[in-house]
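Chemist: Can you keep this structure in mind? I'll have questions shortly.
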Amino acid sequence: MLLQYSTTLTFVALAAIFAYSFYAVLVAGQLSLGQAGFASLAAFSAVSLAPDPDAVGDVPALLSAVVVGMAVGALAALVLGLPTMHLRGVFLAIATLGFGEAVRVILLNQEWTGGAQGLPVPRVVTLGMAWTAAVLVAYWFWRMGSSRYGRALEAIREDELAARAMGIDVGRHRLSAFVTAGAVAGLYGVLLAYYIRLIVPGDFGFTAAVEGLVTAVLGGSTMFLGPLLGSGFQTMIPEVQRAVGIEAGWIRPFLSGLLLLVVILFLPGGLASLIPRRNRLPALGGDDRRPDLGGVRQHPPAGETVVSATGLSKEYGGVHAVQDVDLEIRSGEVVGLIGPNGAGKTTLVNMLTGLVPPSAGRATVLGVPIGTTPVHRVTAAGVSRTFQHSKLFARLSALENVLVGGHLANRPTFLRRLVWLPSARRDERAALERAARCLHRVGLAEKAGTRASALSYGDQRRLEIARALAADPTLLVLDEPAAGMNHVEAEALSALIRSLAADGLTILFIEHNVGMVLRTCSRIVVLDFGEVLATGTPEEIAANPAVIDAYLGAEEADDVHGGAAAAAGSRPAGDGGTADPVTETRPSRAGTLDPPDATGPTARDVT
Amino acid sequence: MRTKSTTVAMATATVLALAACGSGDGGGGGQAAAEGLTGEGTGADCTIDQPVPLAAVLSLTGAAASYGRSQQQGLELALAELNEQGGVTYDLTIEDDETDPRQSITLFDQFTGQDPVSLIIGPTLSNAAVQADPIAQDAGVPVLGISNTAEGVTEIGDFIFRNSLTEQAVIPQTIAAAKEEYGLQRVVVMYSNDDAFTESGYEAFAAALKDEGIEVAETLTFSKSDTDFRALLTQAQAANPDAVVVSALIEAAIPLVTQARQVGIDVPIIGGNGFNNPQLMAEAGEAAEGVVVGAAWNSASDNPENQEFLQAFEAEYGSQPDQFAAQAYAGLKLVDQAVRAGCSAAAEDLQQALGDLQGVPTVLGEFSIDENRNADHPATVQIVQDGRFAVLQ
C-alpha cells in the first residue's frame with residue numbers, strides 16, 4: 001500500500017528535511033530565508049562534483065553527493081553567517097533573502113549549471129533513502145532538544161540578553177545553528193536533485209524559501225517533530241483536495257491558504273503544540289528546606305576582594321549615568337545598592353556584570369577586567385545576575401530556565417547524547433539535580449514544570465534567583481529582587497539572601513525596599529545622580545543626613561524615610577508597634593521626618 | 001523513553017493516515033481499464049464502449065498559469081467536439097501541477113499508478129516534462145507534450161511524443177524569412193536568461209543568425225519578471241541595428257515592444273514563439289505593428305480546420321485563441337486520430353499509432369510525427385498588420 005503513495009511520501013520526507021533547515025535556526029530565534037540558496041548551491045555543486053551513479057553505483061554516488069552537498073551548504077552558511085549573525089529578526093531575513101536571490105542569479109549565469117534550463121540528474125533517491133535521511137535529521141534534533149546545547153539555543157530564542165548573562169556565547173551558538181541549517185538545507189538540495197531528475201536555479205527561489213519557512217512554522221518550531229508534521233500537512237493538502245474532487249484551478253490555492261490561516265490562528269505554536277511537552281520532574285531525596293546547592297566552585301576566602309572599581313563612569317550621549325564610582329566588594333559581603341530612580345544603579349551593575357562597557361574608569365570582577373571581556377566570560381568567572389525587569393525564558397518551564405542558568409556549571413552533552421553515551425545521561429542527571437536543588441532553595445520545587453510566563457510575579461523573581469544560582473556563582477547580583485513582592489515574600493527573600501551569604505556567596509543587590517536592604521546587608525552603597533553619595537553599614541546609612549536629603553527629592557522619598565527611620569529605631573510611638581519596616585511607607589508614620597510630598601527647597605532646608 | 005516512542009509512533013501514524021486519506025481509492029483499476037479499451041471498426045467507424053481515460057497535467061496556477069489556462073480551454077473545446085462525435089468518448093481529467101515540478105511528478109505517478117490513463121497530455125513546461133515524463137516512460141504510458149519546446153524532451157523514451165514544434169524548428173525559418181524581407185545585416189539580440197523556454201529560444205536565434213551570416217551587434221539579457229526595458233532599449237538603439245531580435249515570454253514582450261517604439265526604435269522587432277499571442281496586439285496596440293513572429297501555429301491560416309477552430313473558440317470563450325490553445329486543441333484531436341487508427345486505447349497500441357501519424361489535417365496544418373517522436377508540420381512567419389497576424393510574404 002505504501003508503494004502506491006511512494007512519490008507523495010518521498011516528498012513528505014524531502015519537504016520535512018527542508019523544513020528542518022528552518023527549524024535549526026528558528027529554534028534559536030533566527031529568521032533566515034537563505035536556506036533555498038544553500039540548497040541550490042549544494043545541489044548544483046554536488047551534482048557537478050559527485051561521481052556518476054552508473055559508474056560507481058547508486059548508493060556510493062548519492063553518499064558522496066550528500067557529503068559534498070552538506071559541506072557546501074555548511075560552508076555557505078558559515079561564510080554568510082560570519083558577517084550577518086549580528087543581525088536580528090527581519091533584518092537577518094532580508095539579508096539572507098538577498099543571499100538566496102544572489103545565488104539564484106549567479107547560478108543562472110553560469111555555464112556549468114546549464115543556466116535557466118538546468119542540470120539533468122539521474123534519479124537515485126528512493127522512498128527508503130528519503131525517509132532514512134529525514135529520520136536521521138529528526139533524530140539529530142530530537143537528541144539536541146534536551147541537551148545543554150539545545151537548551152542554550154532555546155534560551156537565546158527566548159531572551160538573548162538573559163542567555164548571554166547565563167554565560168552562553170550567543171554569537172557562537174547562533175552561528176553553529178546557522179551552519180547546521182546550511183548543512184541540512186544542503187542535504188535537502190542533493191536529495192531533491194537526485195529525485196526530481198532536473199534541477200533549475202529558479203526552483204530554489206523566493207517561493208521555495210517561503211514554503212520551507214511556512215512548513216517549519218506550521219509544524220512548530222519548538223518541538224523536533226514539528227517539521228515532519230508541517231511537511232505532512234503541506235504535502236498532503238493538494239492530495240486531499242484532489243481526492244475529495246475539488247476542481248483544479250484557483251480554488252485550490254485559495255483553500256490551502258485558508259487552511260494555513262486557520263491552523264496558524266488556532267495553533268500559533270504549530271501542529272507540534274498538539275503533542276504534550278514532557279515535564280521532567282526532578283528527583284531529589286527529602287524535602288530539605290535549605291538543600292545544599294551542590295556547587296563545586298571554590299569561593300575566595302572571606303575578606304578577599306571580589307569587585308574592585310576605580311573611577312567607573314558611563315555616559316549616554318552627554319548624560320552621565322554613572323560618574324567616577326569607586327567601589328570595592330569583598331568576599332562574603334552582602335552589599336546593598338540604593339538610590340533614587342535614575343541614580344545609575346542598574347547601569348553600574350550592568351557594567352560590573354559585563355553587559356555594558358564603561359565609558360571611563362577600570363574595574364576588575366573576580367580577576368576579570370571589565371569592558372573588554374565578553375559577558376559569557378564574566379559569567380564564567382563566577383558572576384551571576386538577575387534583572388530589574390524579569391528576563392526569564394518565558395516559554396520554557398521553570399526547571400528548564402534553571403537548567404539554562406547552569407549552562408556554565410554543566411558539561412556539554414549533545415554529541416554524547418547522539419550516540420547514547422551513559423556519561424551524557426549522568427551529566428544530564430547531575431544538571432537536573434543541581435537545577436532541582438536551586439528550585440528547592442528558592443521554594444519553587446513544586447512549580448518545576450510550569451512555564452515561566454505562567455508563574456506569579458513573585459515566583460518569577462524567585463525563579464530568576466534560582467536560575468542565577470544554577471550557574472554556581474561567587475558573586476550574585478540581584479537587581480530589585482523584591483519588586484512586586486508582598487512583605488512576607490520579601491522577608492523570605494531577605495532570609496534567603498542571608499543564607500546564601502552564609503554559604504559563602506558574595507551578594508550585590510539593588511533594592512528600593514530600603515527596610516529590607518537595611519536588615520539584609522552588611523554594607524550599603526548609596527548612589528545619587530550617578531555618584532556615590534554614601535557608603536557604610538546599615539546603621540551609618542540610616543543616620544546619614546545626606547542620604548535622607550537626597551531621597552527627599554525623589555519619588556521613593558516615603559520609602560526611604562519610613563524604612564530608614566524605622567530601622568534606625570526612631571519609630572514613632574502610637575503605632576502599636578505593628579509597623580513592619582518593609583511596609584512602613586506611609587508618610588504619616590514617618591514620624592519626625594518631613595512628609596515626602598513636601599518636596600522642593602523648603603523640605604530640603606528643613607532637614 | 002516511553003513518552004518519546006509514543007510521540008514518534010503518533011507522528012508516523014499521522015503521516016500515514018494523511019497519506020491514506022490523501023490518495024483516495026484510485027488504485028486497482030488498471031487491469032479492468034485496459035481490457036475494455038479496444039473496440040471494433042477503424043477510423044471514423046471505430047467504437048469503444050468504455051470512455052477512454054486521459055489525463056492532462058497543466059500549470060493552471062502558479063507562474064505558468066496563463067499558458068495552462070489557454071491549454072485547458074483548447075483541450076475542453078476539443079473534448080466537447082470529440083465526445084459529441086460519438087463512437088469513442090473520452091474521460092479527460094485535467095489536473096493542475098501548480099507550476100511545481102513536485103506536483104507534476106506526483107500527478108504523473110498518480111496517472112500511471114493509482115488512476116491509470118491511456119495517455120497523459122502535458123505537462124505545460126519543458127522543465128516539468130524532463131522531470132515527470134520518465135515516470136510515464138517507465139510505466140509504459142504514452143505522453144503527448146503540447147507545449148514542450150526544449151531540446152531532448154522526446155529523447156526521454158519511446159513513449160514520449162509532442163505536437164509542439166521546437167524553437168529550433170521555427171526560428172531558423174523566421175530569421176531566413178526576415179533576412180529576405182528586410183535584408184538584415186546587423187541585429188541586437190535581447191532575451192530573458194532566467195527562463196528555460198526563452199533561453200533555449202535565444203540559443204536557436206543565435207545559431208540561426210550565425211548560419212545566415214547576420215552580425216550580432218549586441219546581446220542584452222533581462223529577467224522574465226522585468227517590466228521596464230528602456231535602458232536596455234536605448235542601449236540597443238545606440239547599436240543602430242537593422243532589427244531587434246527578442247526571445248521573451250508574452251508578459252515581457254508586451255512592455256518591451258511598447259517601450260521600444262517609445263524610445264524610437266522603428267526597425268522590425270523579431271520575436272519567438274512567446275510573441276505568438278493575440279494579447280500582443282490587444283495590449284501593445286499600435287506599437288505591435290510590424291512585429292515579426294516565428295510561430296508553430298499560423299493563426300491566420302485559412303485551412304478549414306483552423307477556421308472552424310477560430311470560430312468555435314470565439315463562440316465558446318469570447319476571445320481569440322493563442323498558440324497554446326491551438327496546440328492543445330490539435331493535441332487532443334491527434335490523440336483521437338491515433339486511438340481510432342487502431343481502434344484501441346491500450347497504451348502499447350496508442351504508442352504505435354501515435355508514432356504512425358502521418359499527414360493529419362489539423363489546425364497546425366498537415367501534421368506528422370517524425371522518427372524522433374517530434375512534431376513535423378509547417379512553421380510560419382507572421383507579421384502584425386492592422387492589429388492582426390498576417391503571414392509574412
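Chain labels follow the order of the C-alpha cells: the first chain is A, the next B, and so on; residue numbering restarts at 1 in every chain, and ligands are counted from 1 in their shown order.
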Out of region 117-184 of chain B, which residues get strand (DSSP E or B) from DSSP, as a CSV table (one decimal) with C-alpha atoms, in the first residue's frame?

Modeler:
chain,number,residue,atom,x,y,z
B,119,LEU,CA,-2.3,8.7,-22.3
B,120,ILE,CA,-1.1,11.8,-20.5
B,121,ILE,CA,-1.2,15.2,-22.1
B,143,VAL,CA,2.8,11.1,-23.2
B,144,LEU,CA,1.9,13.8,-25.7
B,145,GLY,CA,3.6,17.1,-24.9
B,160,ILE,CA,7.2,10.4,-25.2
B,161,PHE,CA,5.7,12.4,-28.1
B,162,ARG,CA,5.0,16.1,-28.7

Chemist: As JSON, numbers by chain, please: the residues near Ala326 (chain B) (cut-off 9 Å, only C-alpha atoms, same-chain neighbours under 2 positions excluded).

Modeler: {"B": [70, 71, 74, 75, 297, 299, 306, 309, 310, 321, 322, 323, 324, 328, 329, 330, 331, 363, 364]}

Chemist: Put those residues in a file: N, CA and C atoms, as an mmCIF file, in the first residue's frame.

Modeler:
data_model
loop_
_atom_site.group_PDB
_atom_site.id
_atom_site.type_symbol
_atom_site.label_atom_id
_atom_site.label_comp_id
_atom_site.auth_asym_id
_atom_site.auth_seq_id
_atom_site.Cartn_x
_atom_site.Cartn_y
_atom_site.Cartn_z
ATOM 1 N N SER B 70 -4.889 28.649 -21.102
ATOM 2 C CA SER B 70 -5.153 28.592 -22.543
ATOM 3 C C SER B 70 -5.260 27.146 -22.994
ATOM 4 N N GLN B 71 -4.334 26.341 -22.488
ATOM 5 C CA GLN B 71 -4.330 24.934 -22.887
ATOM 6 C C GLN B 71 -5.605 24.245 -22.430
ATOM 7 N N GLY B 74 -8.341 25.053 -24.817
ATOM 8 C CA GLY B 74 -8.191 24.313 -26.067
ATOM 9 C C GLY B 74 -8.611 22.858 -25.905
ATOM 10 N N LEU B 75 -8.179 22.259 -24.802
ATOM 11 C CA LEU B 75 -8.498 20.852 -24.568
ATOM 12 C C LEU B 75 -9.998 20.656 -24.363
ATOM 13 N N TRP B 297 2.128 27.853 -34.993
ATOM 14 C CA TRP B 297 0.729 27.867 -35.444
ATOM 15 C C TRP B 297 0.465 29.175 -36.167
ATOM 16 N N SER B 299 -2.033 31.576 -37.039
ATOM 17 C CA SER B 299 -3.400 31.904 -36.634
ATOM 18 C C SER B 299 -4.210 32.421 -37.813
ATOM 19 N N ASN B 306 -8.578 25.173 -39.151
ATOM 20 C CA ASN B 306 -8.234 26.368 -38.377
ATOM 21 C C ASN B 306 -9.412 27.336 -38.314
ATOM 22 N N PHE B 309 -11.887 26.090 -35.943
ATOM 23 C CA PHE B 309 -11.376 26.231 -34.574
ATOM 24 C C PHE B 309 -11.533 27.670 -34.077
ATOM 25 N N LEU B 310 -11.133 28.617 -34.936
ATOM 26 C CA LEU B 310 -11.209 30.029 -34.540
ATOM 27 C C LEU B 310 -12.640 30.415 -34.182
ATOM 28 N N PRO B 321 -8.048 32.621 -29.647
ATOM 29 C CA PRO B 321 -7.136 31.640 -29.062
ATOM 30 C C PRO B 321 -5.680 32.039 -29.292
ATOM 31 N N ASP B 322 -4.808 31.582 -28.444
ATOM 32 C CA ASP B 322 -3.379 31.749 -28.704
ATOM 33 C C ASP B 322 -2.794 30.406 -29.137
ATOM 34 N N GLN B 323 -1.495 30.411 -29.342
ATOM 35 C CA GLN B 323 -0.863 29.189 -29.855
ATOM 36 C C GLN B 323 -1.002 28.019 -28.885
ATOM 37 N N PHE B 324 -0.986 28.312 -27.570
ATOM 38 C CA PHE B 324 -1.086 27.239 -26.584
ATOM 39 C C PHE B 324 -2.445 26.539 -26.700
ATOM 40 N N ALA B 328 -3.027 22.703 -27.931
ATOM 41 C CA ALA B 328 -3.757 21.802 -27.043
ATOM 42 C C ALA B 328 -4.931 21.172 -27.802
ATOM 43 N N TYR B 329 -5.629 22.015 -28.524
ATOM 44 C CA TYR B 329 -6.777 21.569 -29.315
ATOM 45 C C TYR B 329 -6.319 20.512 -30.317
ATOM 46 N N ALA B 330 -5.255 20.848 -31.041
ATOM 47 C CA ALA B 330 -4.725 19.911 -32.034
ATOM 48 C C ALA B 330 -4.261 18.622 -31.358
ATOM 49 N N GLY B 331 -3.688 18.755 -30.157
ATOM 50 C CA GLY B 331 -3.157 17.588 -29.452
ATOM 51 C C GLY B 331 -4.225 16.550 -29.179
ATOM 52 N N VAL B 363 -5.334 22.000 -37.043
ATOM 53 C CA VAL B 363 -5.273 23.479 -37.026
ATOM 54 C C VAL B 363 -3.831 23.948 -37.212
ATOM 55 N N LEU B 364 -2.899 23.067 -36.970
ATOM 56 C CA LEU B 364 -1.497 23.447 -37.126
ATOM 57 C C LEU B 364 -1.026 23.245 -38.563
#

Chemist: I'd like the neighbourhood of Lys224 (chain B) as a list in words, where a residue qualifies if any of its atoms comes within 9 Å (using only C-alpha atoms), though same-chain residues fewer than 3 positions away should be ignored.

Modeler: Tyr191, Ser192, Asn193, Asp194, Asp195, Thr198, Thr227, Ala248, Leu249, Glu251 and Ala252 of chain B

Chemist: Calculated over only C-alpha atoms, which of the candidates B:Gly264, B:Gly201, B:Gly342, B:Pro172 has the smallest distance to Val381 (chain B)?

Modeler: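 Of B:Gly264, B:Gly201, B:Gly342, B:Pro172, the one nearest Val381 (chain B), counting only C-alpha atoms, is B:Pro172.
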
Chemist: Using DSSP secondary structure from the backbone, list all helix (DSSP H, G or I) positions within region 76-259 of chain B, as a ChimeraX atom specification.

Modeler: /B:76-85,101-112,126-139,154-156,167-182,196-212,230-238,250-259
